[in-house]
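> Pasting a structure here, questions to come.
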Amino acid sequence: MSYAIVGFGKIGQALARTFARKNIEVTVASRRPPEALAPQARAIGPEVVAKSLREALEADTIFLAMPFGEHREVARALPSWKGKTIIDATNAFGDEPDSFPSSAIVAKVFTGARLVKGFNHLIAAKLAADPVVEGGHRVVFLSGDDEDAIAAVAALAKQLGFAPVKLGKLNEGGALVHARGRTWGPLIFQDLFKKEQ
């Protein structure tokens with residue numbers, strides 16, 4: 001399984017740190033050329049490799065960690081996303097339509113992909129921090145309309161040291177981690193831990 005993070009701002013770098021901590025290779029890319037990202041990628045760890053957007057999109061599982069409006073530009077880079085899992089870590093505060101979650105918009109433009117909303121409710125500093133704290137694991141919320149995709153992303157979250165909590169479909173439990181206009185969902189910014197059983 002190969003992984004990529006598209007967007008290398010605070011959230012993209014925080015996600016990269018979670019991979020580096022577990023010695024899992026991940027490709028990072030953004031609109032900037034890979035040479036511009038390489039020094040910061042190397043500073044995070046040798047597992048974090050800066051590549052072009054086109055090369056990054058060859059990964060099986062791709063995190064979207066750029067500002068919400070940029071997802072369309074990324075989606076146009078491939079004619080089909082069949083066989084790929086997209087993890088939507090974007091937040092559409094102020095851009096969120098009232099009738100359905102922004103992830104439904106993202107899912108529509110990534111034709112053929114399996115989409116999971118996740119890793120979007122924590123601020124970058126919390127996401128970058130070690131998720132294992134005092135015998136517990138930091139929670140990441142996952143939602144989507146494809147059960148197999150959610151299961152695969154949950155397995156990755158566990159591998160990265162998090163405690164995945166499945167919220168169900170995007171328009172049901174997933175609404176808890178989406179903005180509504182200028183109002184955040186009730187689980188956004190909640191820093192929760194799940195104790196070992």
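We name chains A, B, ... following the order of the structure tokens; residues begin at 1 in each chain, and ligands are numbered from 1 as shown.
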When you look at Leu167 in chain A with a cut-off of 8 Å (counting only C-alpha atoms), what residues show up, excluding the ones that are within fewer than 6 positions of it in the same chain? I need them as a ChimeraX atom specification.
/A:141-143,173-174
> Please run DSSP on the backbone and report, as a VMD selection string, all residues within range 108-138 of chain A that come out as strand (DSSP E).
chain A and resid 114 to 118 132 to 133 136 to 138
> For those residues, write C-alpha atoms to a file as a compact mmCIF listing (two decimals), in the first residue's frame.

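Contents of result.txt, as written:
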```
# COMPACT_ATOMS: atom_id res chain seq x y z
CA ARG A 114 -13.57 5.63 -2.41
CA LEU A 115 -13.83 8.69 -0.14
CA VAL A 116 -13.43 8.82 3.63
CA LYS A 117 -13.74 12.01 5.68
CA GLY A 118 -11.10 11.91 8.39
CA VAL A 132 -0.31 7.76 22.43
CA VAL A 133 -0.93 9.54 25.73
CA GLY A 136 -4.74 5.95 25.57
CA HIS A 137 -4.79 6.84 21.89
CA ARG A 138 -5.93 10.12 20.35
```
> Using only C-alpha atoms, I'd like a table of the residues in range 137-168 of chain A that come within 12 Å of range 52-68 of chain A; for each, show the closest atom pair and its distance in Å rounded to one decimal, ordered by chain and ascending number, as a tab-separated table.

```
residue	atom	partner	partner_atom	distance
A:Ala149	CA	A:Thr61	CA	10.0
A:Ile150	CA	A:Thr61	CA	11.9
A:Ala152	CA	A:Thr61	CA	9.6
A:Val153	CA	A:Thr61	CA	8.7
A:Leu156	CA	A:Thr61	CA	9.9
```
> Please dump the current selection as a CSV table (one decimal), in the first residue's frame; keep N, CA and C atoms.

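Output saved as selection.csv:
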```csv
chain,number,residue,atom,x,y,z
A,149,ALA,N,-13.8,1.0,2.5
A,149,ALA,CA,-12.8,2.1,2.6
A,149,ALA,C,-12.7,2.6,4.0
A,150,ILE,N,-13.7,2.8,4.7
A,150,ILE,CA,-13.6,3.2,6.1
A,150,ILE,C,-12.8,2.2,6.9
A,152,ALA,N,-10.4,0.2,5.8
A,152,ALA,CA,-9.0,0.3,5.4
A,152,ALA,C,-8.4,1.6,6.0
A,153,VAL,N,-9.1,2.7,6.1
A,153,VAL,CA,-8.6,3.9,6.7
A,153,VAL,C,-8.5,3.8,8.2
A,156,LEU,N,-5.3,2.0,8.9
A,156,LEU,CA,-4.2,2.9,8.7
A,156,LEU,C,-4.1,3.8,10.0
```
> Report as a list in words all protein, DNA and RNA residues lying within 9 Å of His71 in chain A, evaluated on only C-alpha atoms, omitting residues in the same chain fewer than 6 positions from it.
Leu64, Thr90, Val106, Val109 and Phe110 of chain A
> Expressed in Å to a single decimal, how great is the separation between CA of Arg32 in chain A and CA of Gln13 in chain A?
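We find that CA of Arg32 in chain A and CA of Gln13 in chain A lie 14.3 Å from each other.
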